[in-house]
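*Asks:* This is protein_31.pdb (PDB, C-alpha atoms).
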```
ATOM      1  CA  MET A 555       0.000   0.000   0.000
ATOM      2  CA  ILE A 556       2.747   2.475   0.939
ATOM      3  CA  LEU A 557       4.886   1.360  -2.008
ATOM      4  CA  ALA A 558       1.967   1.930  -4.398
ATOM      5  CA  ALA A 559       1.560   5.445  -3.007
ATOM      6  CA  LEU A 560       5.279   6.189  -3.408
ATOM      7  CA  LEU A 561       5.642   4.688  -6.902
ATOM      8  CA  PRO A 562       4.475   7.844  -8.761
ATOM      9  CA  LEU A 563       7.048   9.853  -6.780
ATOM     10  CA  LEU A 564       9.862   7.497  -7.814
ATOM     11  CA  GLN A 565       9.086   7.637 -11.552
ATOM     12  CA  PRO A 566      10.792  10.406 -13.510
ATOM     13  CA  ASP A 567       8.651  13.347 -14.558
ATOM     14  CA  PRO A 568       8.300  13.019 -18.360
ATOM     15  CA  VAL A 569       8.430  16.811 -18.852
ATOM     16  CA  ASP A 570      11.681  17.036 -16.867
ATOM     17  CA  ALA A 571      13.079  14.096 -18.852
ATOM     18  CA  LEU A 572      12.187  15.878 -22.115
ATOM     19  CA  ARG A 573      13.806  19.075 -20.832
ATOM     20  CA  ARG A 574      17.030  17.242 -19.980
ATOM     21  CA  GLU A 575      17.076  15.517 -23.361
ATOM     22  CA  LEU A 576      16.554  18.793 -25.251
ATOM     23  CA  LEU A 577      19.265  20.550 -23.248
ATOM     24  CA  ALA A 578      21.728  17.762 -24.065
ATOM     25  CA  ALA A 579      20.829  17.490 -27.765
ATOM     26  CA  ASN A 580      22.440  19.138 -30.781
ATOM     27  CA  SER A 581      19.149  18.904 -32.687
ATOM     28  CA  ALA A 582      15.536  19.108 -31.554
ATOM     29  CA  THR A 583      14.552  17.230 -34.714
ATOM     30  CA  ALA A 584      16.740  14.320 -33.554
ATOM     31  CA  VAL A 585      14.991  14.334 -30.161
ATOM     32  CA  LEU A 586      11.615  14.110 -31.903
ATOM     33  CA  GLN A 587      12.877  11.447 -34.316
ATOM     34  CA  ARG A 588      13.846   9.170 -31.412
ATOM     35  CA  ARG A 589      10.143   9.063 -30.543
ATOM     36  CA  CYS A 590       8.799   8.484 -34.034
ATOM     37  CA  ALA A 591       9.113   5.282 -36.070
ATOM     38  CA  GLU A 592       8.685   7.227 -39.333
ATOM     39  CA  PRO A 593      10.510  10.332 -40.577
ATOM     40  CA  ILE A 594       9.564  13.570 -38.850
ATOM     41  CA  ARG A 595       7.897  15.868 -41.347
ATOM     42  CA  ALA A 596       7.326  19.591 -41.283
ATOM     43  CA  GLU A 597       4.062  21.238 -42.229
ATOM     44  CA  VAL A 598       5.170  24.730 -43.204
ATOM     45  CA  ASP A 599       2.923  27.763 -42.796
ATOM     46  CA  ARG A 600       3.709  29.393 -46.142
ATOM     47  CA  ALA A 601       1.771  32.560 -45.237
ATOM     48  CA  GLY A 602       3.634  33.102 -41.953
ATOM     49  CA  ARG A 603       5.711  36.287 -41.830
ATOM     50  CA  LYS A 604       7.444  37.647 -38.759
ATOM     51  CA  PRO A 605      10.484  39.917 -39.037
ATOM     52  CA  ALA A 606      13.432  39.300 -36.732
ATOM     53  CA  THR A 607      13.566  41.627 -33.747
ATOM     54  CA  ALA A 608      16.630  43.718 -32.948
ATOM     55  CA  GLU A 609      17.429  41.241 -30.140
ATOM     56  CA  GLN A 610      17.202  38.273 -32.512
ATOM     57  CA  ARG A 611      19.440  40.026 -35.051
ATOM     58  CA  ALA A 612      21.968  40.641 -32.276
ATOM     59  CA  ASP A 613      21.737  36.967 -31.215
ATOM     60  CA  LEU A 614      22.365  35.963 -34.839
ATOM     61  CA  GLY A 615      25.175  38.473 -35.296
ATOM     62  CA  VAL A 616      23.590  40.166 -38.325
ATOM     63  CA  GLY A 617      23.039  43.817 -39.122
ATOM     64  CA  PRO A 618      19.714  45.452 -39.950
ATOM     65  CA  ALA A 619      20.169  45.025 -43.717
ATOM     66  CA  GLU A 620      21.163  41.321 -43.802
ATOM     67  CA  PRO A 621      18.260  39.063 -44.807
ATOM     68  CA  VAL A 622      16.800  36.875 -42.056
ATOM     69  CA  ALA A 623      14.170  34.370 -43.204
ATOM     70  CA  TYR A 624      11.216  33.256 -41.077
ATOM     71  CA  ARG A 625       9.645  29.822 -41.034
ATOM     72  CA  SER A 626       6.773  28.538 -38.922
ATOM     73  CA  VAL A 627       6.220  24.776 -38.883
ATOM     74  CA  VAL A 628       4.333  22.013 -37.163
ATOM     75  CA  LEU A 629       6.620  19.007 -36.785
ATOM     76  CA  LYS A 630       4.671  15.779 -37.020
ATOM     77  CA  CYS A 631       5.062  12.068 -36.516
ATOM     78  CA  GLY A 632       2.456  10.706 -38.923
ATOM     79  CA  ALA A 633      -0.693  12.694 -38.123
ATOM     80  CA  VAL A 634       0.418  13.581 -34.575
ATOM     81  CA  ALA A 635       1.752  17.102 -33.950
ATOM     82  CA  LEU A 636       4.807  16.965 -31.676
ATOM     83  CA  SER A 637       6.074  20.546 -31.890
ATOM     84  CA  ILE A 638       5.149  23.957 -33.219
ATOM     85  CA  ALA A 639       8.300  25.867 -34.063
ATOM     86  CA  GLU A 640       9.213  29.339 -35.218
ATOM     87  CA  ASN A 641      12.587  29.772 -36.858
ATOM     88  CA  TRP A 642      14.481  32.903 -37.892
ATOM     89  CA  TYR A 643      17.509  31.882 -39.955
ATOM     90  CA  VAL A 644      20.272  33.504 -41.980
ATOM     91  CA  PRO A 645      20.035  32.122 -45.556
ATOM     92  CA  ALA A 646      23.487  33.478 -46.485
ATOM     93  CA  ARG A 647      25.058  31.100 -43.931
ATOM     94  CA  LEU A 648      23.450  28.040 -45.527
ATOM     95  CA  THR A 649      24.277  26.205 -48.733
ATOM     96  CA  PRO A 650      22.006  26.541 -51.776
ATOM     97  CA  GLY A 651      20.916  22.928 -51.236
ATOM     98  CA  ILE A 652      19.923  23.577 -47.619
ATOM     99  CA  ASN A 653      18.025  26.726 -48.610
ATOM    100  CA  ALA A 654      16.197  24.699 -51.278
ATOM    101  CA  ALA A 655      15.289  22.031 -48.704
ATOM    102  CA  LEU A 656      13.952  24.731 -46.370
ATOM    103  CA  ALA A 657      11.847  26.159 -49.203
ATOM    104  CA  GLY A 658      10.159  22.746 -49.145
ATOM    105  CA  ASP A 659       8.942  20.703 -46.202
ATOM    106  CA  ALA A 660      12.220  19.534 -44.640
ATOM    107  CA  PRO A 661      12.560  19.996 -40.879
ATOM    108  CA  PHE A 662      15.267  22.595 -40.152
ATOM    109  CA  GLY A 663      17.343  20.200 -38.044
ATOM    110  CA  ALA A 664      17.331  17.566 -40.777
ATOM    111  CA  ALA A 665      18.199  20.093 -43.498
ATOM    112  CA  ILE A 666      21.207  21.526 -41.647
ATOM    113  CA  ARG A 667      22.612  18.199 -40.418
ATOM    114  CA  PRO A 668      25.602  18.443 -42.852
ATOM    115  CA  LEU A 669      26.697  21.632 -41.016
ATOM    116  CA  ALA A 670      27.285  19.706 -37.738
ATOM    117  CA  PRO A 671      24.877  21.903 -35.747
ATOM    118  CA  SER A 672      24.726  22.467 -32.022
ATOM    119  CA  ARG A 673      22.392  24.503 -29.865
ATOM    120  CA  ARG A 674      22.760  27.144 -27.188
ATOM    121  CA  THR A 675      19.612  27.342 -25.088
ATOM    122  CA  LEU A 676      18.496  30.859 -24.248
ATOM    123  CA  ASP A 677      15.418  29.851 -22.258
ATOM    124  CA  ILE A 678      13.487  26.694 -21.493
ATOM    125  CA  ALA A 679      10.316  26.541 -19.426
ATOM    126  CA  THR A 680       7.397  24.260 -18.767
ATOM    127  CA  ARG A 681       3.839  25.487 -19.085
ATOM    128  CA  ARG A 682       3.753  25.669 -15.286
ATOM    129  CA  GLU A 683       6.900  27.795 -15.136
ATOM    130  CA  ASP A 684       5.946  30.278 -17.835
ATOM    131  CA  GLY A 685       2.365  30.616 -16.565
ATOM    132  CA  SER A 686       1.034  29.755 -20.001
ATOM    133  CA  VAL A 687      -2.338  28.257 -20.753
ATOM    134  CA  ALA A 688      -1.147  27.386 -24.267
ATOM    135  CA  PRO A 689      -1.374  23.752 -25.326
ATOM    136  CA  HIS A 690       2.337  23.070 -24.945
ATOM    137  CA  VAL A 691       4.125  21.280 -22.108
ATOM    138  CA  LEU A 692       7.558  22.799 -22.721
ATOM    139  CA  ARG A 693       8.860  25.838 -24.611
ATOM    140  CA  GLN A 694      12.485  26.281 -25.640
ATOM    141  CA  ARG A 695      14.215  29.255 -27.228
ATOM    142  CA  ALA A 696      17.668  28.529 -28.614
ATOM    143  CA  ILE A 697      20.364  29.653 -30.999
ATOM    144  CA  VAL A 698      21.361  27.015 -33.556
ATOM    145  CA  LEU A 699      25.068  27.125 -34.410
ATOM    146  CA  ASP A 700      27.034  25.506 -37.210
ATOM    147  CA  GLY A 701      30.069  23.307 -36.538
ATOM    148  CA  GLN A 702      32.275  26.429 -36.410
ATOM    149  CA  GLY A 703      30.106  28.073 -33.730
ATOM    150  CA  ARG A 704      28.527  30.585 -36.130
ATOM    151  CA  PRO A 705      24.822  31.351 -35.444
ATOM    152  CA  LEU A 706      22.512  29.980 -38.120
ATOM    153  CA  ALA A 707      19.111  30.470 -36.538
ATOM    154  CA  GLU A 708      17.075  31.415 -33.509
ATOM    155  CA  VAL A 709      14.235  29.038 -32.754
ATOM    156  CA  ILE A 710      11.236  29.017 -30.459
ATOM    157  CA  GLU A 711       9.850  25.517 -30.046
ATOM    158  CA  ASN A 712       6.616  24.570 -28.301
ATOM    159  CA  TYR A 713       6.341  20.866 -27.493
ATOM    160  CA  ALA A 714       2.932  19.175 -27.499
ATOM    161  CA  PRO A 715       1.626  16.867 -24.753
ATOM    162  CA  ALA A 716       1.409  14.031 -27.319
ATOM    163  CA  LEU A 717       5.215  13.899 -27.355
ATOM    164  CA  LEU A 718       5.303  12.709 -23.743
ATOM    165  CA  GLY A 719       3.324   9.566 -24.525
ATOM    166  CA  LEU A 720       5.721   8.298 -27.188
ATOM    167  CA  PRO A 721       8.484   5.843 -26.214
ATOM    168  CA  VAL A 722      12.084   6.944 -26.637
ATOM    169  CA  ARG A 723      13.957   4.766 -29.121
ATOM    170  CA  ARG A 724      17.766   4.738 -28.991
TER     171      ARG A 724
END
```
Show how you would write the structure in this file as C-alpha cells.
*Replies:*
Amino acid sequence: MILAALLPLLQPDPVDALRRELLAANSATAVLQRRCAEPIRAEVDRAGRKPATAEQRADLGVGPAEPVAYRSVVLKCGAVALSIAENWYVPARLTPGINAALAGDAPFGAAIRPLAPSRRTLDIATRREDGSVAPHVLRQRAIVLDGQGRPLAEVIENYAPALLGLPVRR
C-alpha cells in the first residue's frame, strides 16, 4: 500500500526528462525522431511572416540590412503534432541545397545536419513555469550554431503533450 503510493514519486517526470534531453541534444529534430518510427515531417505555414527583432538580429550576429528568413512549422510524426516551431535563420550562412530544402517541407534540423549543428539554449520553461495556458508542455528558445560556432538560426519551439506519450527509441 505504501509502495503503491510512493511509486508515482519514484518515476521520472516526463516533462523534466524531455527538458534534460533537449538541453543535451544538438538537434531538436533528432529528439523528436527518437520518438517516431517514421521520418519527422514539417508542415510549413507558407503565409507566416514575422520579421526578426533587434534582439534576434543581435543573437544571430547580423546587421539590420542582412536578410533573415522566417519559417513557422508544425513538426509531425504521422498525423500527430509533436512541436510547433518558429525559426528565424540567416540564408546566407546556408548552402544553396539547404536553402532549397527549407523552401520545401524539410525539418530545419534535418536540413542543416551536414553543417554539424549544435544549440545554445536561451530559455526553457514548462507550461507551469511560464504561466502559459497554451497547449504546450515545454517551450524552448535557442540559438542554432554551425560546426564552427557561427549562429545559423534562432528558434522558439513549443512541445505538445502528445510527445510525452511516445516511447524513446535509442
*Asks:* Go through A:Ala716, A:Arg695, A:Pro721, A:Gln702 and flag the residue nearest Ala633 in chain A, using all atoms listed in the file for the distances.
*Replies:*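 Residue with the minimum atom-to-atom distance to Ala633 in chain A: A:Ala716.
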*Asks:* What's the 8 Å shell around Gly663 in chain A, counting only C-alpha atoms, without same-chain residues fewer than 5 positions away, as a short mmCIF file (atom, residue, chain, number, x, y, z; two decimals) with C-alpha atoms, in the frame of the given file?
*Replies:*
```
data_model
loop_
_atom_site.label_atom_id
_atom_site.label_comp_id
_atom_site.auth_asym_id
_atom_site.auth_seq_id
_atom_site.Cartn_x
_atom_site.Cartn_y
_atom_site.Cartn_z
CA SER A 581 19.15 18.90 -32.69
CA ALA A 582 15.54 19.11 -31.55
CA THR A 583 14.55 17.23 -34.71
CA ALA A 584 16.74 14.32 -33.55
#
```
*Asks:* Can you list every residue of range 620-656 of chain A that has an atom at most 10 Å from range 666-670 of chain A, with its nearest atom pair and the distance in Å to one decimal, using only C-alpha atoms, ordered by chain then number, as a Markdown table?
*Replies:*
```
| residue | atom | partner | partner_atom | distance |
| --- | --- | --- | --- | --- |
| A:Leu648 | CA | A:Ile666 | CA | 7.9 |
| A:Thr649 | CA | A:Ile666 | CA | 9.0 |
| A:Gly651 | CA | A:Ile666 | CA | 9.7 |
| A:Ile652 | CA | A:Ile666 | CA | 6.4 |
| A:Asn653 | CA | A:Ile666 | CA | 9.3 |
| A:Ala655 | CA | A:Ile666 | CA | 9.2 |
| A:Leu656 | CA | A:Ile666 | CA | 9.2 |
```
*Asks:* Residues at most 8 Å from range 615-626 of chain A, counting all atoms listed in the file, excluding those fewer than 6 positions away in the same chain, as a ChimeraX atom specification?
*Replies:* /A:598-600,602-606,608,638-646,705
*Asks:* Hey, can you check how far CA of Pro650 in chain A sits from CA of Ile710 in chain A?
*Replies:* 24.0 Å
*Asks:* Rank nothing, just name the residue among A:Ala654, A:Ala571, A:Leu717, A:Arg693 nearest to Gln587 in chain A, using only C-alpha atoms.
*Replies:*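 Comparing A:Ala654, A:Ala571, A:Leu717, A:Arg693 against Gln587 in chain A, the winner is A:Leu717.
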*Asks:* Could you check which of A:Val709, A:Ala664, A:Ala714, A:Leu676 is closest to Leu692 in chain A, using all atoms listed in the file?
*Replies:* A:Ala714
*Asks:* Quick one: axis-aligned box around all listed atoms of range 588-592 of chain A, 4 Å on every side, centre and edge lengths in Å to one decimal, written as JSON.
*Replies:*
```
{"center_x": 11.3, "center_y": 7.2, "center_z": -34.9, "size_x": 13.2, "size_y": 11.9, "size_z": 16.8}
```
*Asks:* What is the CA of Asp570 in chain A-CA of Cys631 in chain A distance in Å, reported with one decimal?
*Replies:*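 Taking CA of Asp570 in chain A as the start and CA of Cys631 in chain A as the end point, the length is 21.3 Å.
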*Asks:* List the residues matched by the PyMOL selection byres ((chain A and resi 595) around 9) in the displayed structure as a ChimeraX atom specification, ordered by chain and then by residue number.
*Replies:* /A:592-594,596-597,628-632,659-661
*Asks:* Which residue is closest to Pro689 in chain A? Choose from A:Phe662, A:Ala635, A:Pro671, A:Asp567 and count only C-alpha atoms.
*Replies:* A:Ala635
*Asks:* Quick check, in Å to one decimal: how far apart do CA of Arg611 in chain A and CA of Ala696 in chain A lie?
*Replies:*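 A separation of 13.3 Å between them.
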*Asks:* Suppose a student applies the PyMOL selection byres ((chain A and resi 573) around 12) to this structure; what residues should they get, written as a ChimeraX atom specification?
*Replies:* /A:566-572,574-579,582,585,675,677-681,691-694,711-713,717-718
